[in-house]
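Heads up, start_38.csv below (CSV, C-alpha atoms (C1' of nucleotides)):
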chain,number,residue,atom,x,y,z
A,29,MET,CA,7.3,10.2,9.8
A,30,LEU,CA,7.5,8.7,6.4
A,31,ARG,CA,9.4,5.4,6.1
A,32,GLY,CA,9.7,2.4,3.8
A,33,ASN,CA,8.9,1.7,0.2
A,34,ILE,CA,5.5,1.1,-1.4
A,35,PRO,CA,5.4,0.1,-5.1
A,36,ALA,CA,3.0,2.2,-7.1
A,37,ARG,CA,2.2,3.1,-10.7
A,38,VAL,CA,2.2,6.3,-12.7
A,39,ASP,CA,-0.7,6.1,-15.2
A,40,GLU,CA,-0.8,7.2,-18.8
A,41,LYS,CA,-1.6,10.7,-17.8
A,42,GLY,CA,1.4,11.1,-15.5
A,43,ARG,CA,-0.6,10.8,-12.3
A,44,LEU,CA,0.8,9.2,-9.2
A,45,LYS,CA,-1.4,7.8,-6.5
A,46,ILE,CA,0.2,8.5,-3.2
A,47,PRO,CA,0.0,5.2,-1.3
A,48,ALA,CA,-2.6,5.4,1.5
A,49,ALA,CA,-0.1,4.7,4.2
A,50,PHE,CA,1.9,7.9,3.3
A,51,LEU,CA,-1.2,10.0,2.6
A,52,GLU,CA,-2.4,9.3,6.1
A,53,GLU,CA,0.9,10.6,7.5
A,54,LEU,CA,0.8,13.6,5.2
A,55,LYS,CA,-2.7,14.8,5.7
A,56,GLY,CA,-1.6,17.2,8.4
A,57,TYR,CA,0.3,19.2,5.8
A,58,GLY,CA,-2.6,20.2,3.5
A,59,GLU,CA,-3.0,19.6,-0.2
A,60,GLN,CA,-0.1,21.7,-1.4
A,61,PHE,CA,3.1,19.9,-2.4
A,62,TYR,CA,6.3,20.8,-4.2
A,63,VAL,CA,7.5,18.2,-6.7
A,64,THR,CA,11.2,18.5,-7.8
A,65,SER,CA,14.6,16.8,-8.1
A,66,GLU,CA,18.2,17.8,-7.7
A,67,THR,CA,19.4,15.5,-10.5
A,68,GLY,CA,16.4,14.4,-12.5
A,69,ASP,CA,17.1,10.8,-11.7
A,70,TYR,CA,14.1,10.7,-9.3
A,71,ALA,CA,11.3,12.9,-8.1
A,72,ARG,CA,11.0,14.2,-4.6
A,73,ILE,CA,7.6,15.2,-3.3
A,74,PHE,CA,7.7,17.7,-0.4
A,75,PRO,CA,4.8,19.0,1.6
A,76,MET,CA,4.9,22.7,0.8
A,77,LYS,CA,5.6,23.5,4.5
A,78,VAL,CA,8.6,21.2,4.5
A,79,TRP,CA,9.9,22.8,1.3
A,80,GLU,CA,9.4,26.3,2.7
A,81,GLU,CA,11.5,25.4,5.7
A,82,LEU,CA,14.2,24.1,3.5
A,83,GLU,CA,14.0,27.4,1.5
A,84,SER,CA,14.4,29.5,4.6
A,85,LYS,CA,17.4,27.5,5.6
A,86,LEU,CA,18.9,28.3,2.2
A,87,ALA,CA,18.0,31.9,2.5
A,88,ARG,CA,20.4,32.3,5.5
A,89,LEU,CA,23.2,31.4,3.2
A,90,SER,CA,25.0,34.1,1.1
A,91,SER,CA,23.6,34.5,-2.3
A,92,HIS,CA,27.1,34.0,-3.6
A,93,ASN,CA,27.3,30.5,-2.2
A,94,GLN,CA,27.9,28.4,-5.2
A,95,THR,CA,26.3,25.2,-3.8
A,96,LYS,CA,23.1,27.0,-2.9
A,97,GLN,CA,22.9,28.5,-6.3
A,98,LYS,CA,23.4,25.2,-8.1
A,99,PHE,CA,20.8,23.6,-5.9
A,100,LEU,CA,18.2,26.2,-6.6
A,101,THR,CA,19.0,26.2,-10.3
A,102,TRP,CA,18.3,22.5,-10.6
A,103,THR,CA,15.4,22.2,-8.2
A,104,ASN,CA,13.8,25.2,-9.9
A,105,TYR,CA,14.3,23.6,-13.3
A,106,TYR,CA,12.5,20.4,-12.3
A,107,GLY,CA,10.2,21.8,-9.7
A,108,GLN,CA,6.5,22.6,-9.7
A,109,ALA,CA,3.9,23.2,-7.1
A,110,VAL,CA,1.1,20.6,-7.3
A,111,GLU,CA,-2.1,19.7,-5.4
A,112,VAL,CA,-3.3,16.2,-4.5
A,113,ASP,CA,-6.7,15.5,-6.0
A,114,SER,CA,-9.7,14.1,-4.2
A,115,GLN,CA,-8.4,10.6,-4.9
A,116,GLY,CA,-5.0,11.2,-3.5
A,117,ARG,CA,-3.1,11.6,-6.8
A,118,VAL,CA,-0.6,14.2,-7.9
A,119,LEU,CA,0.4,15.0,-11.4
A,120,ILE,CA,4.1,14.7,-12.0
A,121,PRO,CA,5.2,17.8,-14.0
A,122,PRO,CA,6.1,16.9,-17.6
A,123,VAL,CA,9.8,17.9,-17.4
A,124,LEU,CA,10.4,15.6,-14.5
A,125,ARG,CA,8.1,12.9,-15.9
A,126,GLU,CA,10.5,12.7,-18.8
A,127,ALA,CA,13.8,13.0,-16.9
A,128,ALA,CA,13.0,10.7,-14.1
A,129,GLN,CA,11.0,8.3,-16.3
A,130,MET,CA,7.9,8.6,-14.2
A,131,LYS,CA,5.8,6.1,-16.0
A,132,GLY,CA,4.6,2.6,-15.3
A,133,ASP,CA,6.0,1.0,-12.2
A,134,VAL,CA,7.7,3.2,-9.6
A,135,ASP,CA,8.9,2.9,-6.0
A,136,VAL,CA,7.7,5.5,-3.6
A,137,MET,CA,10.0,5.7,-0.6
A,138,GLY,CA,9.5,7.6,2.6
A,139,HIS,CA,12.3,9.9,3.7
A,140,LEU,CA,10.9,11.0,7.0
A,141,THR,CA,9.5,14.4,5.8
A,142,TYR,CA,9.2,13.9,2.1
A,143,LEU,CA,8.7,11.2,-0.5
A,144,GLU,CA,11.2,10.1,-3.1
A,145,VAL,CA,9.9,8.4,-6.2
A,146,TRP,CA,12.1,6.2,-8.5
A,147,ASN,CA,11.3,4.4,-11.7
A,148,HIS,CA,11.2,0.8,-10.5
A,149,SER,CA,13.9,-0.6,-12.8
A,150,ARG,CA,16.1,2.5,-12.2
A,151,SER,CA,15.6,1.9,-8.5
A,152,LEU,CA,16.9,-1.7,-8.8
A,153,GLU,CA,20.0,-0.5,-10.7
A,154,ASN,CA,20.6,2.0,-7.9
A,155,LEU,CA,20.4,-0.7,-5.3
A,156,LYS,CA,22.8,-2.9,-7.2
A,157,LYS,CA,25.3,-0.1,-7.1
A,158,SER,CA,25.5,-0.1,-3.4
A,159,PRO,CA,25.8,-3.7,-2.1
A,160,ILE,CA,26.3,-4.2,1.6
A,161,THR,CA,29.6,-5.9,2.2
A,162,ASP,CA,30.9,-7.9,5.1
A,163,GLU,CA,33.0,-4.9,5.9
A,164,ASP,CA,29.8,-2.8,6.2
A,165,LEU,CA,28.2,-5.3,8.4
A,166,LYS,CA,31.2,-5.2,10.7
A,167,ILE,CA,31.0,-1.4,10.9
A,168,LEU,CA,27.3,-1.6,11.7
A,169,ASP,CA,27.9,-4.2,14.3
A,170,GLU,CA,30.5,-1.9,16.0
A,171,LEU,CA,27.9,0.8,16.1
A,172,GLY,CA,25.5,-1.5,17.8
A,173,ILE,CA,23.1,-1.8,15.0
B,26,MET,CA,14.0,-9.8,25.8
B,27,LEU,CA,13.2,-11.8,22.7
B,28,ARG,CA,15.0,-15.2,22.5
B,29,GLY,CA,14.8,-18.5,20.7
B,30,ASN,CA,13.1,-19.8,17.6
B,31,ILE,CA,9.4,-20.5,17.1
B,32,PRO,CA,8.2,-22.0,13.8
B,33,ALA,CA,5.2,-20.2,12.4
B,34,ARG,CA,3.3,-19.9,9.1
B,35,VAL,CA,2.6,-17.0,6.7
B,36,ASP,CA,-0.9,-17.3,5.3
B,37,GLU,CA,-2.1,-16.9,1.7
B,38,LYS,CA,-2.5,-13.2,2.2
B,39,GLY,CA,1.0,-12.6,3.5
B,40,ARG,CA,0.0,-12.3,7.2
B,41,LEU,CA,2.3,-13.6,9.9
B,42,LYS,CA,1.0,-14.5,13.3
B,43,ILE,CA,3.4,-13.3,15.9
B,44,PRO,CA,3.9,-16.3,18.2
B,45,ALA,CA,2.2,-15.6,21.5
B,46,ALA,CA,5.4,-15.9,23.5
B,47,PHE,CA,7.0,-13.0,21.6
B,48,LEU,CA,3.8,-11.0,21.5
B,49,GLU,CA,3.6,-11.0,25.3
B,50,GLU,CA,7.2,-9.6,25.4
B,51,LEU,CA,6.4,-7.0,22.7
B,52,LYS,CA,3.1,-5.6,24.1
B,53,GLY,CA,4.8,-2.8,26.0
B,54,TYR,CA,5.8,-1.3,22.6
B,55,GLY,CA,2.4,-0.7,21.1
B,56,GLU,CA,1.0,-1.8,17.8
B,57,GLN,CA,3.4,0.0,15.5
B,58,PHE,CA,6.2,-2.0,13.9
B,59,TYR,CA,8.7,-1.5,11.2
B,60,VAL,CA,9.3,-4.5,8.9
B,61,THR,CA,12.4,-4.5,6.8
B,62,SER,CA,15.6,-6.3,5.8
B,63,GLU,CA,19.2,-5.4,4.9
B,64,THR,CA,19.6,-8.0,2.3
B,65,GLY,CA,16.1,-9.3,1.4
B,66,ASP,CA,17.0,-12.8,2.6
B,67,TYR,CA,14.9,-12.5,5.7
B,68,ALA,CA,12.5,-10.1,7.3
B,69,ARG,CA,13.2,-8.2,10.5
B,70,ILE,CA,10.3,-6.9,12.6
B,71,PHE,CA,11.2,-4.0,14.9
B,72,PRO,CA,9.0,-2.3,17.4
B,73,MET,CA,8.8,1.2,16.0
B,74,LYS,CA,10.5,2.6,19.1
B,75,VAL,CA,13.4,0.3,18.7
B,76,TRP,CA,13.7,1.2,15.0
B,77,GLU,CA,13.6,4.9,15.9
B,78,GLU,CA,16.4,4.5,18.3
B,79,LEU,CA,18.4,2.8,15.6
B,80,GLU,CA,17.6,5.7,13.3
B,81,SER,CA,18.8,8.2,15.8
B,82,LYS,CA,22.1,6.3,16.2
B,83,LEU,CA,22.5,6.5,12.5
B,84,ALA,CA,21.6,10.2,12.4
B,85,ARG,CA,24.7,10.9,14.5
B,86,LEU,CA,26.9,9.7,11.7
B,87,SER,CA,27.9,11.9,8.8
B,88,SER,CA,25.6,11.8,5.9
B,89,HIS,CA,28.5,10.9,3.7
B,90,ASN,CA,29.2,7.7,5.6
B,91,GLN,CA,29.0,5.1,3.0
B,92,THR,CA,27.9,2.3,5.2
B,93,LYS,CA,25.1,4.3,6.7
B,94,GLN,CA,23.9,5.3,3.3
B,95,LYS,CA,23.9,1.8,2.0
B,96,PHE,CA,22.1,0.5,5.1
B,97,LEU,CA,19.4,3.1,4.7
B,98,THR,CA,19.0,2.5,1.0
B,99,TRP,CA,18.4,-1.1,1.5
B,100,THR,CA,16.3,-1.0,4.6
B,101,ASN,CA,14.2,1.7,3.1
B,102,TYR,CA,13.7,-0.3,-0.1
B,103,TYR,CA,12.5,-3.4,1.8
B,104,GLY,CA,10.8,-1.5,4.7
B,105,GLN,CA,7.3,-0.7,5.6
B,106,ALA,CA,5.5,0.4,8.7
B,107,VAL,CA,2.8,-2.0,9.8
B,108,GLU,CA,0.4,-2.5,12.6
B,109,VAL,CA,-0.4,-5.8,14.4
B,110,ASP,CA,-4.1,-6.6,14.2
B,111,SER,CA,-6.3,-7.6,17.1
B,112,GLN,CA,-5.3,-11.2,16.5
B,113,GLY,CA,-1.6,-10.5,16.7
B,114,ARG,CA,-0.9,-10.7,13.0
B,115,VAL,CA,1.2,-8.4,10.8
B,116,LEU,CA,1.1,-8.1,7.1
B,117,ILE,CA,4.5,-8.6,5.5
B,118,PRO,CA,4.9,-5.9,2.8
B,119,PRO,CA,4.7,-7.3,-0.8
B,120,VAL,CA,8.3,-6.5,-1.7
B,121,LEU,CA,9.7,-8.4,1.2
B,122,ARG,CA,7.1,-11.1,0.9
B,123,GLU,CA,8.6,-11.8,-2.5
B,124,ALA,CA,12.3,-11.3,-1.8
B,125,ALA,CA,12.4,-13.2,1.5
B,126,GLN,CA,9.9,-15.8,0.4
B,127,MET,CA,7.6,-15.1,3.2
B,128,LYS,CA,5.1,-17.8,2.5
B,129,GLY,CA,4.2,-21.0,4.1
B,130,ASP,CA,6.5,-22.2,6.9
B,131,VAL,CA,8.9,-19.8,8.5
B,132,ASP,CA,11.1,-19.5,11.5
B,133,VAL,CA,10.6,-16.6,13.8
B,134,MET,CA,13.7,-15.9,15.9
B,135,GLY,CA,14.0,-13.5,18.8
B,136,HIS,CA,17.0,-11.2,18.6
B,137,LEU,CA,16.6,-9.5,22.0
B,138,THR,CA,14.8,-6.3,20.7
B,139,TYR,CA,13.5,-7.4,17.4
B,140,LEU,CA,12.3,-10.5,15.5
B,141,GLU,CA,14.0,-12.1,12.5
B,142,VAL,CA,11.9,-14.2,10.2
B,143,TRP,CA,13.3,-16.7,7.7
B,144,ASN,CA,11.6,-18.9,5.2
B,145,HIS,CA,12.0,-22.3,6.9
B,146,SER,CA,13.9,-24.1,4.1
B,147,ARG,CA,16.1,-21.1,3.5
B,148,SER,CA,16.8,-21.0,7.2
B,149,LEU,CA,18.1,-24.6,7.1
B,150,GLU,CA,20.4,-23.8,4.2
B,151,ASN,CA,21.7,-20.8,6.1
B,152,LEU,CA,22.5,-22.9,9.1
B,153,LYS,CA,24.3,-25.5,7.0
B,154,LYS,CA,26.4,-22.7,5.5
B,155,SER,CA,27.7,-21.5,8.8
B,156,PRO,CA,28.6,-24.5,10.9
B,157,ILE,CA,30.4,-23.9,14.2
B,158,THR,CA,34.0,-24.8,13.7
B,159,ASP,CA,36.7,-26.0,16.1
B,160,GLU,CA,38.2,-22.5,15.7
B,161,ASP,CA,34.9,-21.0,16.9
B,162,LEU,CA,34.8,-23.4,19.9
B,163,LYS,CA,38.2,-22.3,20.8
B,164,ILE,CA,37.3,-18.7,20.8
B,165,LEU,CA,34.2,-19.4,22.8
B,166,ASP,CA,36.2,-21.3,25.3
B,167,GLU,CA,38.6,-18.4,25.7
B,168,LEU,CA,35.7,-16.2,26.4
B,169,GLY,CA,34.6,-18.6,29.1
B,170,ILE,CA,31.4,-19.7,27.3
C,10,DA,C1',-10.1,-35.5,31.0
C,11,DG,C1',-11.6,-30.8,30.7
C,12,DA,C1',-10.7,-26.0,30.1
C,13,DA,C1',-8.2,-22.6,28.2
C,14,DT,C1',-5.2,-20.7,24.9
C,15,DC,C1',-3.1,-20.6,20.5
C,16,DG,C1',-2.7,-21.1,15.6
C,17,DT,C1',-5.0,-21.6,11.0
C,18,DG,C1',-8.0,-21.0,7.4
C,19,DG,C1',-12.1,-19.2,5.3
C,20,DC,C1',-15.4,-15.7,4.3
C,21,DA,C1',-17.3,-11.3,3.7
C,22,DC,C1',-16.9,-6.6,3.8
C,23,DA,C1',-14.0,-2.5,3.3
C,24,DA,C1',-10.4,0.1,1.5
C,25,DA,C1',-7.0,1.0,-1.9
C,26,DG,C1',-5.4,1.1,-6.5
C,27,DT,C1',-6.3,1.5,-11.5
C,28,DG,C1',-8.1,2.9,-15.6
C,29,DG,C1',-11.0,5.5,-18.7
C,30,DG,C1',-14.2,9.1,-20.3
C,31,DA,C1',-15.6,13.6,-20.6
C,32,DA,C1',-15.6,18.4,-19.4
C,33,DG,C1',-12.8,22.3,-18.7
C,34,DA,C1',-8.5,25.0,-19.0
C,35,DA,C1',-4.4,26.3,-21.1
C,36,DG,C1',-1.5,26.8,-24.9
C,37,DT,C1',-0.7,27.2,-30.1
C,38,DG,C1',-1.0,28.6,-34.6
C,39,DG,C1',-3.3,30.8,-38.2
D,17,DC,C1',-9.1,37.0,-31.9
D,18,DC,C1',-10.8,32.7,-32.9
D,19,DA,C1',-10.4,27.7,-33.7
D,20,DC,C1',-8.0,23.8,-32.7
D,21,DT,C1',-5.2,20.8,-30.1
D,22,DT,C1',-3.2,19.3,-26.0
D,23,DC,C1',-3.0,18.8,-21.3
D,24,DT,C1',-5.3,18.7,-16.8
D,25,DT,C1',-8.9,17.7,-13.6
D,26,DC,C1',-12.9,15.7,-12.0
D,27,DC,C1',-15.7,11.9,-11.7
D,28,DC,C1',-17.2,7.1,-12.0
D,29,DA,C1',-16.6,2.2,-12.2
D,30,DC,C1',-14.0,-1.9,-11.8
D,31,DT,C1',-10.4,-4.9,-9.8
D,32,DT,C1',-7.3,-6.1,-6.5
D,33,DT,C1',-5.7,-6.2,-1.9
D,34,DG,C1',-6.2,-5.9,3.0
D,35,DT,C1',-8.9,-6.4,7.3
D,36,DG,C1',-12.0,-8.0,10.7
D,37,DC,C1',-14.5,-11.6,12.3
D,38,DC,C1',-15.6,-16.2,13.3
D,39,DA,C1',-15.1,-21.0,13.9
D,40,DC,C1',-12.5,-25.3,13.9
D,41,DG,C1',-8.6,-28.1,15.4
D,42,DA,C1',-4.5,-28.7,17.9
D,43,DT,C1',-1.9,-28.1,21.9
D,44,DT,C1',-0.9,-27.1,26.6
D,45,DC,C1',-1.9,-26.7,31.4
D,46,DT,C1',-4.3,-28.0,35.4
As structure tokens, what does this structure read like?
Amino acid sequence: MLRGNIPARVDEKGRLKIPAAFLEELKGYGEQFYVTSETGDYARIFPMKVWEELESKLARLSSHNQTKQKFLTWTNYYGQAVEVDSQGRVLIPPVLREAAQMKGDVDVMGHLTYLEVWNHSRSLENLKKSPITDEDLKILDELGI
Amino acid sequence: MLRGNIPARVDEKGRLKIPAAFLEELKGYGEQFYVTSETGDYARIFPMKVWEELESKLARLSSHNQTKQKFLTWTNYYGQAVEVDSQGRVLIPPVLREAAQMKGDVDVMGHLTYLEVWNHSRSLENLKKSPITDEDLKILDELGI
DNA sequence: AGAATCGTGGCACAAAGTGGGAAGAAGTGG
DNA sequence: CCACTTCTTCCCACTTTGTGCCACGATTCT
């Protein structure tokens, strides 16, 4: 399972080196990945199999389901199938590279079955937006966490 | 169960030697650990199994639960899976090393199922900020402690 | 006091990350 | 349909970071 955050860089050519710790975990899935986003604020990197499962879940929904349609429209817009190269790098598709500001310093976070990549400064802004309050701590405490 | 406080040091390379007393207690859990923090003020070292249990507790909550989301956002940001080496050391991930000032003297405290590590001088400040008040003593007394 | 264990630091090797060049492929415009 | 440009991919080399190993010093236990 993919967990935690490893800082990385996207080079001039839009290539992202997948941190070794994640690559190790992902190597059971082959070289095929699907890179996309729902919003364009970040990039999500799915092993192709994981994405296909997600697709088949969607397929069970009615084709008139608005939410499903929207999701597919956006993920299609930003999406592209990619392969990792021999040095463990993937090329971020230009559309997403632009939208999610995939250049320079980025944070690569594990989300159990896929990776989520944020532009580093955008990631910080995002954190600031969700501070943990004393109230939150109390709730967590009640849950035994 | 992990209890008490043992001073330790983080070396130049960001490695923390887990005090032998705690290591003994932890050896049933294997070499995999998850190092993270909610706030970045300290580091928490969870045996992977303990962390996974915590994750599954969270999984039972709605994905719209704000507190859960915040908690995961932060712990994911600071988190990284690590292994203890043959000498009982773990590498503190760079992000946390920076945020929680994991260098030089630190205090390693047992919290029953995980360890909490504070920069020593920060730990002192923290203690001073939360003195036990007469009010607290009264409450403890009522609880028969 | 002696033996054993624990913590600490240093060093050397290995692995991971980074960047750049050049060849190849794809796309564009004349 | 060809020439040119741009983007991608592959490969190599350098730098940084992490890891394993060993040895010394301190501490504890007997």
Can you pull out every residue within 6 Å of Ser62 of chain B, counting only C-alpha atoms (C1' of nucleotides), but drop anything in the same chain fewer than 5 positions away, and send it as an MDAnalysis selection string? chainID B and resid 68:69 100 103
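For the pair atom CA of Thr92 of chain B and atom CA of Thr61 of chain B, the separation is 17.0 Å.
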Output as a tab-separated table one row per residue of chain A within 9 Å of chain D: the closest atom pair and its distance in Å to one decimal place, counting all atoms listed in the file, sorted by chain and residue number ascending.
residue	atom	partner	partner_atom	distance
A:Lys41	CA	D:DT24	C1'	8.9
A:Asp113	CA	D:DT25	C1'	8.2
A:Ser114	CA	D:DC26	C1'	8.6
A:Leu119	CA	D:DT24	C1'	8.7
Please produce an output containing C-alpha atoms for each residue in the selection, written as an mmCIF file, keeping the file's coordinate frame.
data_model
loop_
_atom_site.group_PDB
_atom_site.id
_atom_site.type_symbol
_atom_site.label_atom_id
_atom_site.label_comp_id
_atom_site.auth_asym_id
_atom_site.auth_seq_id
_atom_site.Cartn_x
_atom_site.Cartn_y
_atom_site.Cartn_z
ATOM 1 C CA LYS A 41 -1.600 10.700 -17.800
ATOM 2 C CA ASP A 113 -6.700 15.500 -6.000
ATOM 3 C CA SER A 114 -9.700 14.100 -4.200
ATOM 4 C CA LEU A 119 0.400 15.000 -11.400
#
What separates atom CA of Gly138 of chain A and atom CA of Gly32 of chain A is a distance of 5.3 Å
Mobile chain B fitted to chain A over all in-order Cα pairs, reported as a compact mmCIF listing (two decimals) with C-alpha atoms, keeping the file's coordinate frame:
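Everything below was put into out_36.txt:
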# COMPACT_ATOMS: atom_id res chain seq x y z
CA MET B 26 7.04 9.88 9.79
CA LEU B 27 7.22 8.44 6.30
CA ARG B 28 8.99 5.03 6.09
CA GLY B 29 9.35 2.07 3.78
CA ASN B 30 8.67 1.37 0.15
CA ILE B 31 5.30 0.95 -1.55
CA PRO B 32 5.16 0.05 -5.26
CA ALA B 33 2.73 2.20 -7.17
CA ARG B 34 1.92 3.12 -10.79
CA VAL B 35 1.98 6.40 -12.77
CA ASP B 36 -0.92 6.50 -15.19
CA GLU B 37 -0.97 7.53 -18.86
CA LYS B 38 -1.50 11.12 -17.90
CA GLY B 39 1.44 11.32 -15.53
CA ARG B 40 -0.64 11.08 -12.30
CA LEU B 41 0.73 9.26 -9.29
CA LYS B 42 -1.55 7.90 -6.64
CA ILE B 43 -0.05 8.54 -3.28
CA PRO B 44 -0.27 5.19 -1.46
CA ALA B 45 -2.90 5.45 1.24
CA ALA B 46 -0.46 4.67 4.03
CA PHE B 47 1.65 7.75 3.21
CA LEU B 48 -1.37 9.90 2.49
CA GLU B 49 -2.72 9.31 6.00
CA GLU B 50 0.68 10.49 7.40
CA LEU B 51 0.74 13.52 5.06
CA LYS B 52 -2.83 14.85 5.62
CA GLY B 53 -1.78 17.22 8.38
CA TYR B 54 0.20 19.19 5.74
CA GLY B 55 -2.58 20.19 3.41
CA GLU B 56 -2.91 19.70 -0.29
CA GLN B 57 0.08 21.72 -1.43
CA PHE B 58 3.23 19.86 -2.43
CA TYR B 59 6.43 20.65 -4.13
CA VAL B 60 7.70 18.03 -6.61
CA THR B 61 11.30 18.20 -7.66
CA SER B 62 14.65 16.42 -7.94
CA GLU B 63 18.35 17.27 -7.55
CA THR B 64 19.52 15.10 -10.31
CA GLY B 65 16.46 14.14 -12.42
CA ASP B 66 16.95 10.45 -11.61
CA TYR B 67 14.01 10.36 -9.27
CA ALA B 68 11.24 12.60 -8.09
CA ARG B 69 10.93 13.93 -4.56
CA ILE B 70 7.53 15.02 -3.24
CA PHE B 71 7.69 17.47 -0.33
CA PRO B 72 4.83 18.86 1.65
CA MET B 73 5.07 22.55 0.86
CA LYS B 74 5.75 23.35 4.51
CA VAL B 75 8.63 21.00 4.62
CA TRP B 76 10.04 22.46 1.39
CA GLU B 77 9.68 25.97 2.82
CA GLU B 78 11.61 25.05 5.84
CA LEU B 79 14.34 23.70 3.62
CA GLU B 80 14.28 26.96 1.71
CA SER B 81 14.66 28.97 4.83
CA LYS B 82 17.68 26.86 5.88
CA LEU B 83 19.19 27.63 2.56
CA ALA B 84 18.36 31.34 2.81
CA ARG B 85 20.68 31.54 5.83
CA LEU B 86 23.63 30.68 3.66
CA SER B 87 25.46 33.26 1.60
CA SER B 88 24.15 33.74 -1.83
CA HIS B 89 27.58 33.06 -3.17
CA ASN B 90 27.67 29.56 -1.71
CA GLN B 91 28.27 27.42 -4.65
CA THR B 92 26.55 24.37 -3.38
CA LYS B 93 23.43 26.25 -2.48
CA GLN B 94 23.32 27.83 -5.86
CA LYS B 95 23.71 24.59 -7.67
CA PHE B 96 21.06 22.91 -5.51
CA LEU B 97 18.61 25.67 -6.26
CA THR B 98 19.35 25.69 -9.96
CA TRP B 99 18.63 22.09 -10.27
CA THR B 100 15.68 21.80 -7.97
CA ASN B 101 14.14 24.81 -9.56
CA TYR B 102 14.63 23.37 -13.05
CA TYR B 103 12.91 20.08 -12.14
CA GLY B 104 10.41 21.58 -9.61
CA GLN B 105 6.80 22.40 -9.68
CA ALA B 106 4.15 23.09 -7.12
CA VAL B 107 1.24 20.68 -7.30
CA GLU B 108 -1.90 19.87 -5.47
CA VAL B 109 -3.21 16.37 -4.57
CA ASP B 110 -6.67 15.80 -6.00
CA SER B 111 -9.65 14.47 -4.11
CA GLN B 112 -8.52 10.96 -4.97
CA GLY B 113 -5.06 11.43 -3.56
CA ARG B 114 -3.26 11.79 -6.85
CA VAL B 115 -0.59 14.30 -7.91
CA LEU B 116 0.44 15.19 -11.36
CA ILE B 117 4.16 14.77 -11.93
CA PRO B 118 5.37 17.84 -13.90
CA PRO B 119 6.27 17.04 -17.57
CA VAL B 120 9.97 17.79 -17.20
CA LEU B 121 10.42 15.39 -14.38
CA ARG B 122 8.04 12.90 -15.89
CA GLU B 123 10.50 12.68 -18.75
CA ALA B 124 13.81 12.87 -16.90
CA ALA B 125 12.90 10.47 -14.09
CA GLN B 126 10.85 8.21 -16.30
CA MET B 127 7.81 8.57 -14.25
CA LYS B 128 5.64 6.15 -16.10
CA GLY B 129 4.30 2.78 -15.40
CA ASP B 130 5.64 1.04 -12.28
CA VAL B 131 7.44 3.03 -9.66
CA ASP B 132 8.62 2.73 -6.13
CA VAL B 133 7.45 5.25 -3.64
CA MET B 134 9.76 5.45 -0.62
CA GLY B 135 9.17 7.34 2.59
CA HIS B 136 12.09 9.49 3.69
CA LEU B 137 10.67 10.65 7.05
CA THR B 138 9.35 14.10 5.82
CA TYR B 139 9.12 13.61 2.15
CA LEU B 140 8.55 10.91 -0.52
CA GLU B 141 11.08 9.72 -3.09
CA VAL B 142 9.78 8.13 -6.23
CA TRP B 143 11.87 5.99 -8.58
CA ASN B 144 11.01 4.30 -11.80
CA HIS B 145 10.88 0.66 -10.65
CA SER B 146 13.54 -0.77 -13.01
CA ARG B 147 15.82 2.17 -12.42
CA SER B 148 15.36 1.65 -8.71
CA LEU B 149 16.62 -1.95 -9.02
CA GLU B 150 19.70 -0.82 -10.92
CA ASN B 151 20.36 1.77 -8.24
CA LEU B 152 20.21 -0.82 -5.54
CA LYS B 153 22.56 -3.14 -7.40
CA LYS B 154 25.02 -0.25 -7.72
CA SER B 155 25.25 0.34 -4.03
CA PRO B 156 25.47 -3.00 -2.28
CA ILE B 157 26.18 -3.02 1.46
CA THR B 158 29.76 -4.01 1.91
CA ASP B 159 31.60 -5.72 4.78
CA GLU B 160 33.16 -2.28 5.44
CA ASP B 161 29.65 -0.82 5.82
CA LEU B 162 28.64 -3.66 8.21
CA LYS B 163 31.61 -2.89 10.26
CA ILE B 164 30.75 0.71 10.59
CA LEU B 165 27.19 -0.14 11.42
CA ASP B 166 28.33 -2.52 14.05
CA GLU B 167 30.50 0.16 15.63
CA LEU B 168 27.52 2.36 15.79
CA GLY B 169 25.65 -0.37 17.59
CA ILE B 170 23.15 -1.01 14.76
Atom CA of Ile31 of chain B to atom CA of His136 of chain B, straight-line distance in Å: 12.1 Å
I need the chain B residues near chain A as a list in words; criterion: at most 9 Å, counting all atoms listed in the file.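 Those within range of chain A come out as Tyr59, Val60, Thr61, Glu63, Thr64, Leu79, Lys82, Leu83, Gln91, Thr92, Lys93, Gln94, Lys95, Phe96, Thr98, Trp99, Thr100, Asn101, Tyr102, Tyr103, Gly104, Gln105, Ala106, Pro118, Pro119 and Val120 of chain B.
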Find the residues of chain A in contact range of chain C, meaning any atom within 12 Å when counting all atoms listed in the file, and list them as JSON, numbers by chain. {"A": [35, 36, 37, 38, 39, 40, 41, 43, 44, 45, 46, 47, 48, 49, 51, 115, 116, 117, 132]}
Neighbouring residues of Met29 of chain A were defined as those with any atom within 7 Å, considering all atoms listed in the file; residues of the same chain fewer than 2 positions away were excluded. Please report them as a ChimeraX atom specification. /A:31,53,140-141
